[in-house]
>>> print(open('input_31.cif').read())   # mmCIF, C-alpha atoms
data_target
loop_
_atom_site.label_atom_id
_atom_site.label_comp_id
_atom_site.auth_asym_id
_atom_site.auth_seq_id
_atom_site.Cartn_x
_atom_site.Cartn_y
_atom_site.Cartn_z
CA MET N 19 -30.70 2.91 -4.09
CA GLU N 20 -29.70 6.13 -2.32
CA ALA N 21 -26.53 7.84 -3.47
CA THR N 22 -25.86 9.57 -0.18
CA ARG N 23 -25.05 8.05 3.16
CA THR N 24 -27.13 8.10 6.30
CA GLY N 25 -25.73 8.47 9.78
CA SER N 26 -26.20 4.74 10.46
CA GLN N 27 -23.87 3.60 7.67
CA ARG N 28 -20.33 2.53 8.50
CA VAL N 29 -17.25 1.60 6.52
CA SER N 30 -17.90 -1.04 3.85
CA THR N 31 -15.71 -4.01 2.99
CA LEU N 32 -15.01 -2.45 -0.42
CA GLU N 33 -13.63 0.63 1.31
CA LEU N 34 -11.42 -1.59 3.47
CA PHE N 35 -10.22 -3.33 0.32
CA PHE N 36 -9.39 0.08 -1.16
CA ASP N 37 -7.46 0.98 2.00
CA LEU N 38 -5.31 -2.14 1.74
CA VAL N 39 -4.15 -1.01 -1.69
CA PHE N 40 -3.52 2.51 -0.44
CA VAL N 41 -1.46 1.26 2.51
CA LEU N 42 0.85 -0.54 0.07
CA THR N 43 2.23 2.95 -0.54
CA ILE N 44 3.21 3.10 3.15
CA THR N 45 5.30 -0.04 2.68
CA GLN N 46 6.85 1.37 -0.49
CA LEU N 47 7.68 4.69 1.15
CA THR N 48 9.22 2.83 4.10
CA GLY N 49 11.45 1.00 1.62
CA VAL N 50 12.62 4.29 0.10
CA LEU N 51 13.78 5.59 3.51
CA TYR N 52 15.30 2.25 4.51
CA GLU N 53 17.38 1.98 1.34
CA ALA N 54 18.62 5.59 1.46
CA PRO N 55 18.11 7.41 4.78
CA THR N 56 19.18 10.80 3.44
CA TRP N 57 17.69 14.29 3.42
CA ARG N 58 16.93 13.88 -0.29
CA SER N 59 15.03 10.62 0.30
CA LEU N 60 13.15 12.19 3.21
CA LEU N 61 12.11 15.08 0.96
CA GLU N 62 10.95 12.62 -1.69
CA VAL N 63 8.92 10.65 0.86
CA VAL N 64 7.32 13.82 2.25
CA LEU N 65 6.34 15.03 -1.24
CA MET N 66 4.95 11.65 -2.32
CA LEU N 67 3.07 11.02 0.93
CA ALA N 68 1.54 14.53 0.84
CA LEU N 69 0.33 14.01 -2.73
CA ILE N 70 -0.88 10.46 -2.15
CA PHE N 71 -2.63 11.11 1.14
CA TRP N 72 -4.38 14.22 -0.20
CA MET N 73 -6.19 12.14 -2.79
CA TYR N 74 -6.72 9.26 -0.36
CA GLY N 75 -8.47 11.77 1.87
CA GLY N 76 -10.45 12.87 -1.17
CA TYR N 77 -11.72 9.31 -1.61
CA VAL N 78 -12.72 9.18 2.06
CA TRP N 79 -14.74 12.39 1.59
CA LEU N 80 -16.14 10.79 -1.58
CA THR N 81 -17.41 7.60 0.03
CA ASN N 82 -18.59 9.66 3.01
CA ALA N 83 -20.94 11.47 0.63
CA VAL N 84 -21.63 8.85 -2.06
CA ALA N 85 -22.21 5.25 -1.00
CA ALA N 86 -20.64 2.69 -3.35
CA ASN N 87 -23.86 0.66 -3.32
CA THR N 88 -24.44 0.02 -7.01
CA THR N 89 -22.49 -2.06 -9.52
CA ARG N 90 -21.49 0.99 -11.54
CA ARG N 91 -20.20 2.91 -8.52
CA ARG N 92 -18.26 -0.12 -7.30
CA GLU N 93 -16.67 -0.53 -10.72
CA VAL N 94 -15.62 3.11 -10.74
CA LEU N 95 -14.16 2.83 -7.23
CA LEU N 96 -12.28 -0.30 -8.30
CA ALA N 97 -10.85 1.67 -11.22
CA GLY N 98 -9.54 4.24 -8.75
CA MET N 99 -8.11 1.38 -6.71
CA GLY N 100 -6.31 0.08 -9.79
CA ALA N 101 -4.77 3.49 -10.39
CA TYR N 102 -3.64 3.60 -6.75
CA PHE N 103 -2.03 0.18 -7.18
CA VAL N 104 -0.03 1.36 -10.21
CA LEU N 105 0.94 4.50 -8.31
CA SER N 106 2.16 2.38 -5.38
CA LEU N 107 4.27 0.24 -7.70
CA SER N 108 5.91 3.37 -9.12
CA VAL N 109 6.87 4.84 -5.72
CA PRO N 110 10.37 3.28 -5.36
CA GLY N 111 11.57 4.73 -8.66
CA ALA N 112 9.38 7.83 -8.79
CA PHE N 113 12.39 10.18 -8.81
CA VAL N 114 14.53 7.94 -11.01
CA SER N 115 12.65 6.13 -13.74
CA SER N 116 8.93 5.80 -12.96
CA GLY N 117 7.93 9.43 -12.38
CA LEU N 118 5.80 9.48 -15.53
CA ALA N 119 3.93 6.33 -14.46
CA PHE N 120 3.33 7.95 -11.07
CA GLY N 121 1.97 11.08 -12.76
CA LEU N 122 -0.32 9.20 -15.14
CA ALA N 123 -1.73 7.05 -12.32
CA TYR N 124 -2.24 10.16 -10.22
CA ALA N 125 -4.18 11.88 -13.01
CA VAL N 126 -6.48 8.85 -13.32
CA ILE N 127 -7.06 8.90 -9.54
CA VAL N 128 -8.13 12.55 -9.73
CA VAL N 129 -10.48 12.04 -12.69
CA VAL N 130 -12.13 8.93 -11.20
CA HIS N 131 -12.58 10.80 -7.93
CA VAL N 132 -14.51 13.72 -9.39
CA GLY N 133 -16.47 11.47 -11.73
CA LEU N 134 -17.95 9.47 -8.85
CA PHE N 135 -18.31 12.49 -6.57
CA THR N 136 -20.67 14.17 -9.03
CA ARG N 137 -23.12 11.30 -8.42
CA ALA N 138 -23.99 12.81 -5.04
CA THR N 139 -27.66 13.76 -4.76
CA SER N 140 -26.86 17.06 -3.02
CA GLN N 141 -26.19 19.83 -5.53
CA ASP N 142 -24.26 21.71 -2.85
CA VAL N 143 -21.87 18.78 -2.55
CA VAL N 144 -21.46 18.61 -6.34
CA ALA N 145 -20.77 22.33 -6.53
CA GLY N 146 -18.23 22.01 -3.73
CA ILE N 147 -16.27 19.18 -5.36
CA LEU N 148 -16.23 20.96 -8.73
CA ARG N 149 -14.53 23.91 -7.04
CA ILE N 150 -11.92 21.65 -5.45
CA PHE N 151 -11.54 19.67 -8.70
CA ARG N 152 -9.89 22.61 -10.44
CA GLY N 153 -7.13 22.63 -7.84
CA ASN N 154 -6.80 18.83 -7.97
CA MET N 155 -6.46 18.87 -11.75
CA ALA N 156 -3.88 21.66 -11.59
CA SER N 157 -1.84 19.66 -9.10
CA ALA N 158 -2.22 16.49 -11.21
CA ALA N 159 -0.89 18.41 -14.24
CA LEU N 160 2.11 19.56 -12.18
CA VAL N 161 2.76 16.00 -10.96
CA LEU N 162 2.54 14.67 -14.51
CA ALA N 163 4.86 17.35 -15.88
CA GLY N 164 7.34 16.81 -13.05
CA GLY N 165 7.33 13.06 -13.57
CA ALA N 166 7.97 13.51 -17.28
CA LEU N 167 10.81 16.05 -16.83
CA GLY N 168 12.59 14.53 -13.84
CA GLY N 169 15.59 16.10 -12.13
CA THR N 170 15.33 19.36 -10.22
CA ALA N 171 12.18 20.31 -12.13
CA GLN N 172 10.39 17.31 -10.64
CA TYR N 173 11.08 18.42 -7.07
CA VAL N 174 9.96 21.97 -7.83
CA LEU N 175 6.80 20.96 -9.69
CA TRP N 176 5.75 18.35 -7.14
CA ALA N 177 6.29 20.81 -4.30
CA ALA N 178 4.13 23.28 -6.25
CA ALA N 179 1.47 20.58 -6.65
CA VAL N 180 1.39 20.08 -2.88
CA ALA N 181 1.10 23.85 -2.37
CA VAL N 182 -1.82 24.05 -4.82
CA GLN N 183 -3.66 21.28 -2.99
CA TRP N 184 -3.19 22.84 0.42
CA LEU N 185 -4.21 26.31 -0.77
CA THR N 186 -7.27 25.19 -2.72
CA PRO N 187 -9.58 24.79 0.32
CA VAL N 188 -8.39 28.18 1.60
CA VAL N 189 -9.11 29.92 -1.69
CA GLN N 190 -12.22 27.96 -2.75
CA GLY N 191 -13.65 27.24 0.69
CA LEU N 192 -15.40 24.12 1.93
CA GLN N 193 -18.98 25.29 1.51
CA GLY N 194 -21.26 22.46 0.49
CA PHE N 195 -19.17 19.63 1.92
CA GLU N 196 -21.11 17.52 4.38
CA VAL N 197 -19.18 15.24 6.74
CA GLU N 198 -20.98 12.28 8.31
CA PRO N 199 -18.85 11.87 11.47
CA GLY N 200 -19.35 8.17 12.19
CA HIS N 201 -18.14 6.92 8.83
CA PHE N 202 -15.48 9.62 8.45
CA VAL N 203 -13.77 8.97 11.79
CA GLU N 204 -14.01 5.20 11.46
CA ARG N 205 -12.48 5.20 7.97
CA HIS N 206 -9.49 7.32 8.99
CA GLY N 207 -8.98 5.33 12.18
CA LEU N 208 -8.91 2.10 10.21
CA VAL N 209 -6.31 3.36 7.74
CA LEU N 210 -4.09 4.51 10.62
CA LEU N 211 -4.51 1.11 12.25
CA ILE N 212 -3.69 -0.68 9.00
CA ALA N 213 -0.63 1.56 8.50
CA ILE N 214 0.67 0.70 11.97
CA GLY N 215 0.01 -2.97 11.23
CA GLU N 216 1.74 -2.68 7.86
CA SER N 217 4.80 -1.28 9.60
CA VAL N 218 4.85 -4.44 11.74
CA VAL N 219 4.61 -6.55 8.57
CA ALA N 220 7.46 -4.57 6.97
CA VAL N 221 9.66 -5.24 10.00
CA GLY N 222 8.68 -8.91 9.91
CA ILE N 223 9.65 -9.14 6.25
CA GLY N 224 12.95 -7.50 7.12
CA ALA N 225 13.60 -10.25 9.67
CA SER N 226 13.06 -13.05 7.16
CA GLY N 227 16.28 -14.91 6.48
CA LEU N 228 17.92 -13.68 9.71
CA ALA N 229 18.95 -16.09 12.42
CA ILE N 230 16.38 -16.24 15.24
CA ASP N 231 18.54 -15.50 18.24
CA GLY N 232 18.02 -13.64 21.51
CA GLY N 233 18.95 -10.27 20.04
CA LEU N 234 16.54 -10.55 17.13
CA VAL N 235 13.69 -11.68 19.42
CA LEU N 236 14.37 -8.81 21.82
CA VAL N 237 14.41 -6.05 19.23
CA ALA N 238 11.42 -7.56 17.41
CA LEU N 239 9.38 -7.58 20.62
CA LEU N 240 10.51 -4.05 21.45
CA GLY N 241 9.43 -2.98 17.96
CA LEU N 242 6.06 -4.64 18.48
CA ALA N 243 5.75 -2.88 21.85
CA LEU N 244 6.50 0.43 20.15
CA SER N 245 3.76 -0.22 17.58
CA ALA N 246 1.39 -1.23 20.40
CA CYS N 247 2.12 2.08 22.14
CA LEU N 248 1.29 3.96 18.92
CA TRP N 249 -2.01 2.07 18.73
CA TRP N 250 -2.78 2.77 22.39
CA LEU N 251 -1.91 6.43 21.98
CA TYR N 252 -4.84 6.94 19.58
CA PHE N 253 -7.24 4.07 20.15
CA GLY N 254 -6.58 2.92 23.70
CA HIS N 255 -8.15 5.94 25.38
CA GLY N 256 -11.08 6.28 22.98
CA ASP N 257 -9.84 9.36 21.12
CA ASP N 258 -11.49 8.05 17.95
CA GLU N 259 -14.89 7.89 19.66
CA ARG N 260 -14.39 11.31 21.23
CA ALA N 261 -13.40 12.72 17.83
CA GLU N 262 -16.69 11.47 16.39
CA ARG N 263 -18.64 13.17 19.16
CA ALA N 264 -16.66 16.40 18.70
CA LEU N 265 -17.41 16.52 14.96
CA SER N 266 -21.06 15.68 15.55
CA ALA N 267 -21.40 18.69 17.86
CA MET N 268 -20.20 21.13 15.18
CA ALA N 269 -22.18 23.00 12.54
CA PRO N 270 -21.60 21.75 8.94
CA LEU N 271 -18.99 24.28 7.77
CA PRO N 272 -16.86 24.30 10.97
CA ARG N 273 -17.11 20.49 10.93
CA ALA N 274 -15.71 20.34 7.40
CA ARG N 275 -12.85 22.67 8.34
CA ALA N 276 -12.02 20.72 11.49
CA ALA N 277 -12.17 17.45 9.53
CA LEU N 278 -9.68 18.79 6.99
CA VAL N 279 -7.18 19.98 9.60
CA ALA N 280 -7.46 17.01 11.96
CA PHE N 281 -7.81 14.18 9.47
CA PHE N 282 -5.48 15.43 6.77
CA PHE N 283 -2.72 17.61 8.21
CA CYS N 284 -2.51 15.92 11.62
CA TYR N 285 -2.94 12.45 10.14
CA LEU N 286 -0.30 13.21 7.52
CA ALA N 287 2.21 13.85 10.31
CA MET N 288 1.25 10.63 12.09
CA LEU N 289 1.58 8.55 8.92
CA LEU N 290 4.95 10.13 8.10
CA GLY N 291 6.13 9.22 11.59
CA VAL N 292 4.98 5.62 11.15
CA VAL N 293 6.95 5.39 7.88
CA ALA N 294 10.11 6.74 9.52
CA ILE N 295 9.80 4.40 12.51
CA ALA N 296 9.31 1.33 10.31
CA ALA N 297 12.35 2.19 8.17
CA ALA N 298 14.56 2.52 11.26
CA GLU N 299 13.23 -0.64 12.93
CA HIS N 300 13.96 -2.57 9.75
CA SER N 301 17.62 -1.60 10.14
CA ALA N 302 17.65 -2.39 13.85
CA LEU N 303 16.85 -6.04 13.14
CA GLU N 304 20.12 -6.51 11.30
CA ASP N 305 22.22 -5.84 14.41
CA PRO N 306 19.98 -5.38 17.49
CA PHE N 307 22.80 -4.55 19.91
CA GLY N 308 24.89 -2.70 17.36
CA GLU N 309 24.75 0.99 16.65
CA LEU N 310 22.39 2.58 14.19
CA THR N 311 23.71 5.19 11.82
CA TRP N 312 22.92 8.70 13.00
CA ALA N 313 20.50 9.05 10.08
CA LYS N 314 18.48 5.97 11.08
CA ALA N 315 18.59 6.86 14.77
CA ALA N 316 17.17 10.25 13.73
CA LEU N 317 14.44 8.52 11.74
CA LEU N 318 13.49 6.46 14.80
CA GLY N 319 13.49 9.25 17.36
CA GLY N 320 12.16 11.81 14.91
CA GLY N 321 9.43 9.44 13.73
CA VAL N 322 8.10 8.97 17.25
CA ALA N 323 8.29 12.74 17.84
CA VAL N 324 6.34 13.46 14.65
CA VAL N 325 3.63 10.93 15.56
CA LEU N 326 3.26 12.51 18.99
CA ALA N 327 3.21 16.03 17.57
CA GLY N 328 0.57 15.05 15.02
CA ASP N 329 -1.53 13.36 17.68
CA ALA N 330 -1.24 16.39 19.98
CA ALA N 331 -2.33 18.70 17.15
CA PHE N 332 -5.21 16.32 16.34
CA ARG N 333 -6.45 16.47 19.93
CA ARG N 334 -6.10 20.24 20.05
CA THR N 335 -7.99 20.73 16.78
CA LEU N 336 -10.98 18.72 18.00
CA GLY N 337 -10.82 19.90 21.61
CA LEU N 338 -10.14 16.44 23.03
CA GLY N 339 -8.16 17.68 26.01
CA SER N 340 -4.66 18.72 26.95
CA SER N 341 -1.66 17.21 25.17
CA VAL N 342 1.08 18.71 27.34
CA THR N 343 2.61 15.36 28.24
CA ARG N 344 2.59 14.18 24.62
CA ALA N 345 4.32 17.34 23.47
CA ALA N 346 6.95 16.95 26.18
CA VAL N 347 7.53 13.29 25.29
CA ALA N 348 7.91 14.29 21.62
CA LEU N 349 10.86 16.49 22.61
CA LEU N 350 12.32 13.71 24.75
CA ALA N 351 11.99 11.30 21.80
CA LEU N 352 14.37 13.52 19.85
CA ALA N 353 16.81 13.31 22.75
CA THR N 354 17.03 9.52 22.27
CA ILE N 355 18.84 9.91 18.94
CA PRO N 356 22.33 9.64 20.50
CA LEU N 357 21.22 6.39 22.19
CA GLY N 358 20.64 4.85 18.76
CA ALA N 359 24.26 5.56 17.93
CA VAL N 360 25.10 3.27 20.87
CA SER N 361 22.51 0.51 20.46
CA ALA N 362 19.35 0.10 18.38
CA ALA N 363 17.68 -1.95 21.12
CA LEU N 364 18.56 0.67 23.71
CA GLN N 365 16.92 3.49 21.75
CA ILE N 366 13.77 1.49 21.01
CA GLY N 367 13.50 0.42 24.64
CA VAL N 368 13.77 3.99 25.91
CA LEU N 369 11.18 5.14 23.35
CA VAL N 370 8.76 2.46 24.56
CA ALA N 371 9.31 3.68 28.13
CA LEU N 372 8.69 7.31 27.13
CA LEU N 373 5.49 6.45 25.25
CA SER N 374 4.33 4.45 28.26
CA VAL N 375 4.63 7.64 30.32
CA ALA N 376 2.43 9.47 27.83
CA LEU N 377 -0.11 6.64 27.94
CA VAL N 378 -0.26 6.61 31.73
CA ALA N 379 -0.63 10.41 31.85
CA ARG N 380 -3.40 10.31 29.20
CA ARG N 381 -2.69 13.96 28.36
#
>>> encode(input="input_31.cif", output="structure tokens")
Amino acid sequence: MEATRTGSQRVSTLELFFDLVFVLTITQLTGVLYEAPTWRSLLEVVLMLALIFWMYGGYVWLTNAVAANTTRRREVLLAGMGAYFVLSLSVPGAFVSSGLAFGLAYAVIVVVHVGLFTRATSQDVVAGILRIFRGNMASAALVLAGGALGGTAQYVLWAAAVAVQWLTPVVQGLQGFEVEPGHFVERHGLVLLIAIGESVVAVGIGASGLAIDGGLVLVALLGLALSACLWWLYFGHGDDERAERALSAMAPLPRARAALVAFFFCYLAMLLGVVAIAAAEHSALEDPFGELTWAKAALLGGGVAVVLAGDAAFRRTLGLGSSVTRAAVALLALATIPLGAVSAALQIGVLVALLSVALVARR
């Protein structure tokens, strides 16, 4: 069977299964912010999400180049999935007691990734991943050392690991990487969709055990409307299909660069925003008409702003049209923070109204 993909191949059920395990980390990161909405917790979430999503993206590039269509390749991908599951379980205590487990799981993820990537039939692809692998292993070593040491050293070493990852493509280049647009865009779109859906599940879990009264129903429906607006923002106007066409029109090297910027950096912002929104909505369920703390109101308004900013940057990177309205609404989302200090339902309702403006404008 062929190791490489053809343009007609789409996302497999095994890849979707892998994504479900990855998105567990979104739920875990949401829990970290919900339990302690502080600057320290936000820093921890940003560091962990950056590290986790970098290697998730690496697995998307992997299955974009090497189809998991043999028993051996599926077993290897399942091993990577197992490591991701352990990593997800270690997220809540990563900066307290489970940093070493996080680091060990992360190292396994990196090794499995390169091992399967070298099965690509294109020697240019193999050469490209071996260049990137040095940076990935360096960052994995920093994550492992930070997890073992803990304390201030962990923050410093994990931040250094993120810096190494982000600089590696700049230093090593992306020559040799071939992006098949159909599969690549579909896979990222599905993980964003699952993440938005997982945020709905997290809010639903937060509502379990609470009395079903008018206030709870109202804020739950407003939260669902907010999630629906986030879906519509990306999928409702066909930006995923337009992104595929934009990548297809590019030469191989510019396509790889655009794919990295749009589907890692811009997507990272959107996923971070989803995490922040879900953490704040979880709190809103407890007292729908009561005030949020300023920290959680900031998570809610800031989360929407970050999603909009990431989406605007995504559209700009791929030339999908103007994002003036989205950028303006992102600023207005920040202005809703004082409303959360009055009423959780009020802030969510205004955010839904603002996003509706962006959806109607389609810019």
>>> residues_around(input="input_31.cif", residues="Met155 (chain N)", least_positions_apart="3", cutoff="12 Å", atoms="all atoms listed in the file", output="ChimeraX atom specification")
/N:73,121-122,124-132,147-152,158-162,179-180,182-183,186
>>> resolve_selection(input="input_31.cif", expression="the PyMOL selection byres ((chain N and resi 361) around 10)", output="number ranges by chain")
N: 302, 305-311, 315, 356-360, 362-367
>>> resolve_selection(input="input_31.cif", expression="the PyMOL selection byres ((chain N and resi 284-297) around 8)", output="PyMOL selection string")
chain N and resi 44-45+47-49+51-52+64+67-68+71+210+213-214+217-218+220-221+279-283+298-301+314+317-329+331-332
>>> atom_distance(input="input_31.cif", atom1="CA of Gly100 (chain N)", atom2="CA of Thr88 (chain N)")
18.3 Å
>>> residues_around(input="input_31.cif", residues="His206 (chain N)", least_positions_apart="3", cutoff="12 Å", atoms="only C-alpha atoms", output="number ranges by chain")
N: 28-29, 33-34, 37, 41, 71, 74-79, 81-82, 199-203, 209-213, 252-253, 258-259, 261-262, 277-278, 280-282, 284-286, 288-289
>>> atom_distance(input="input_31.cif", atom1="CA of Phe103 (chain N)", atom2="CA of Thr43 (chain N)")
8.4 Å
>>> residues_around(input="input_31.cif", residues="Met66 (chain N)", least_positions_apart="4", cutoff="9 Å", atoms="only C-alpha atoms", output="list of chain:residue names")
N:Leu47, N:Leu61, N:Glu62, N:Ile70, N:Phe71, N:Val109, N:Ala112, N:Trp176
>>> closest_residue(input="input_31.cif", among="N:Ala229, N:Leu240, N:Val197, N:Leu251", to="Ser266 (chain N)", atoms="all atoms listed in the file")
N:Val197
>>> build_atoms(input="input_31.cif", residues="region 86-107 of chain N", atoms="N, CA, C and O atoms", output="PDB file, in the frame of the given file")
ATOM      1  N   ALA N  86     -20.936   3.563  -2.215  1.00  0.00           N
ATOM      2  CA  ALA N  86     -20.640   2.690  -3.350  1.00  0.00           C
ATOM      3  C   ALA N  86     -21.555   1.469  -3.282  1.00  0.00           C
ATOM      4  O   ALA N  86     -21.126   0.335  -3.041  1.00  0.00           O
ATOM      5  N   ASN N  87     -22.857   1.707  -3.538  1.00  0.00           N
ATOM      6  CA  ASN N  87     -23.860   0.660  -3.320  1.00  0.00           C
ATOM      7  C   ASN N  87     -24.536   0.209  -4.610  1.00  0.00           C
ATOM      8  O   ASN N  87     -25.576  -0.424  -4.563  1.00  0.00           O
ATOM      9  N   THR N  88     -23.935   0.542  -5.750  1.00  0.00           N
ATOM     10  CA  THR N  88     -24.440   0.020  -7.010  1.00  0.00           C
ATOM     11  C   THR N  88     -23.260  -0.584  -7.780  1.00  0.00           C
ATOM     12  O   THR N  88     -22.096  -0.274  -7.497  1.00  0.00           O
ATOM     13  N   THR N  89     -23.561  -1.424  -8.742  1.00  0.00           N
ATOM     14  CA  THR N  89     -22.490  -2.060  -9.520  1.00  0.00           C
ATOM     15  C   THR N  89     -21.631  -1.033 -10.221  1.00  0.00           C
ATOM     16  O   THR N  89     -20.386  -1.127 -10.208  1.00  0.00           O
ATOM     17  N   ARG N  90     -22.257  -0.021 -10.824  1.00  0.00           N
ATOM     18  CA  ARG N  90     -21.490   0.990 -11.540  1.00  0.00           C
ATOM     19  C   ARG N  90     -20.543   1.746 -10.614  1.00  0.00           C
ATOM     20  O   ARG N  90     -19.380   1.963 -10.943  1.00  0.00           O
ATOM     21  N   ARG N  91     -21.050   2.150  -9.452  1.00  0.00           N
ATOM     22  CA  ARG N  91     -20.200   2.910  -8.520  1.00  0.00           C
ATOM     23  C   ARG N  91     -19.055   2.037  -7.996  1.00  0.00           C
ATOM     24  O   ARG N  91     -17.938   2.515  -7.810  1.00  0.00           O
ATOM     25  N   ARG N  92     -19.323   0.779  -7.756  1.00  0.00           N
ATOM     26  CA  ARG N  92     -18.260  -0.120  -7.300  1.00  0.00           C
ATOM     27  C   ARG N  92     -17.200  -0.300  -8.373  1.00  0.00           C
ATOM     28  O   ARG N  92     -15.995  -0.330  -8.080  1.00  0.00           O
ATOM     29  N   GLU N  93     -17.626  -0.399  -9.619  1.00  0.00           N
ATOM     30  CA  GLU N  93     -16.670  -0.530 -10.720  1.00  0.00           C
ATOM     31  C   GLU N  93     -15.796   0.700 -10.838  1.00  0.00           C
ATOM     32  O   GLU N  93     -14.575   0.604 -11.052  1.00  0.00           O
ATOM     33  N   VAL N  94     -16.391   1.869 -10.665  1.00  0.00           N
ATOM     34  CA  VAL N  94     -15.620   3.110 -10.740  1.00  0.00           C
ATOM     35  C   VAL N  94     -14.625   3.190  -9.587  1.00  0.00           C
ATOM     36  O   VAL N  94     -13.460   3.568  -9.774  1.00  0.00           O
ATOM     37  N   LEU N  95     -15.064   2.810  -8.374  1.00  0.00           N
ATOM     38  CA  LEU N  95     -14.160   2.830  -7.230  1.00  0.00           C
ATOM     39  C   LEU N  95     -13.028   1.829  -7.411  1.00  0.00           C
ATOM     40  O   LEU N  95     -11.870   2.104  -7.046  1.00  0.00           O
ATOM     41  N   LEU N  96     -13.314   0.689  -8.009  1.00  0.00           N
ATOM     42  CA  LEU N  96     -12.280  -0.300  -8.300  1.00  0.00           C
ATOM     43  C   LEU N  96     -11.280   0.228  -9.323  1.00  0.00           C
ATOM     44  O   LEU N  96     -10.087  -0.090  -9.260  1.00  0.00           O
ATOM     45  N   ALA N  97     -11.768   1.047 -10.255  1.00  0.00           N
ATOM     46  CA  ALA N  97     -10.850   1.670 -11.220  1.00  0.00           C
ATOM     47  C   ALA N  97      -9.892   2.611 -10.506  1.00  0.00           C
ATOM     48  O   ALA N  97      -8.690   2.642 -10.793  1.00  0.00           O
ATOM     49  N   GLY N  98     -10.410   3.388  -9.557  1.00  0.00           N
ATOM     50  CA  GLY N  98      -9.540   4.240  -8.750  1.00  0.00           C
ATOM     51  C   GLY N  98      -8.545   3.416  -7.954  1.00  0.00           C
ATOM     52  O   GLY N  98      -7.381   3.798  -7.802  1.00  0.00           O
ATOM     53  N   MET N  99      -8.995   2.271  -7.453  1.00  0.00           N
ATOM     54  CA  MET N  99      -8.110   1.380  -6.710  1.00  0.00           C
ATOM     55  C   MET N  99      -6.980   0.873  -7.605  1.00  0.00           C
ATOM     56  O   MET N  99      -5.814   0.800  -7.190  1.00  0.00           O
ATOM     57  N   GLY N 100      -7.319   0.540  -8.846  1.00  0.00           N
ATOM     58  CA  GLY N 100      -6.310   0.080  -9.790  1.00  0.00           C
ATOM     59  C   GLY N 100      -5.256   1.147 -10.053  1.00  0.00           C
ATOM     60  O   GLY N 100      -4.058   0.860 -10.119  1.00  0.00           O
ATOM     61  N   ALA N 101      -5.714   2.390 -10.184  1.00  0.00           N
ATOM     62  CA  ALA N 101      -4.770   3.490 -10.390  1.00  0.00           C
ATOM     63  C   ALA N 101      -3.872   3.658  -9.167  1.00  0.00           C
ATOM     64  O   ALA N 101      -2.669   3.915  -9.295  1.00  0.00           O
ATOM     65  N   TYR N 102      -4.438   3.512  -7.974  1.00  0.00           N
ATOM     66  CA  TYR N 102      -3.640   3.600  -6.750  1.00  0.00           C
ATOM     67  C   TYR N 102      -2.598   2.478  -6.689  1.00  0.00           C
ATOM     68  O   TYR N 102      -1.472   2.671  -6.219  1.00  0.00           O
ATOM     69  N   PHE N 103      -2.964   1.302  -7.182  1.00  0.00           N
ATOM     70  CA  PHE N 103      -2.030   0.180  -7.180  1.00  0.00           C
ATOM     71  C   PHE N 103      -0.836   0.464  -8.086  1.00  0.00           C
ATOM     72  O   PHE N 103       0.322   0.230  -7.722  1.00  0.00           O
ATOM     73  N   VAL N 104      -1.119   0.985  -9.279  1.00  0.00           N
ATOM     74  CA  VAL N 104      -0.030   1.360 -10.210  1.00  0.00           C
ATOM     75  C   VAL N 104       0.835   2.440  -9.596  1.00  0.00           C
ATOM     76  O   VAL N 104       2.072   2.405  -9.677  1.00  0.00           O
ATOM     77  N   LEU N 105       0.199   3.429  -8.965  1.00  0.00           N
ATOM     78  CA  LEU N 105       0.940   4.500  -8.310  1.00  0.00           C
ATOM     79  C   LEU N 105       1.869   3.927  -7.230  1.00  0.00           C
ATOM     80  O   LEU N 105       3.036   4.325  -7.117  1.00  0.00           O
ATOM     81  N   SER N 106       1.344   2.982  -6.439  1.00  0.00           N
ATOM     82  CA  SER N 106       2.160   2.380  -5.380  1.00  0.00           C
ATOM     83  C   SER N 106       3.368   1.657  -5.965  1.00  0.00           C
ATOM     84  O   SER N 106       4.482   1.742  -5.424  1.00  0.00           O
ATOM     85  N   LEU N 107       3.165   0.952  -7.061  1.00  0.00           N
ATOM     86  CA  LEU N 107       4.270   0.240  -7.700  1.00  0.00           C
ATOM     87  C   LEU N 107       5.349   1.186  -8.212  1.00  0.00           C
ATOM     88  O   LEU N 107       6.530   0.833  -8.274  1.00  0.00           O
TER      89      LEU N 107
END
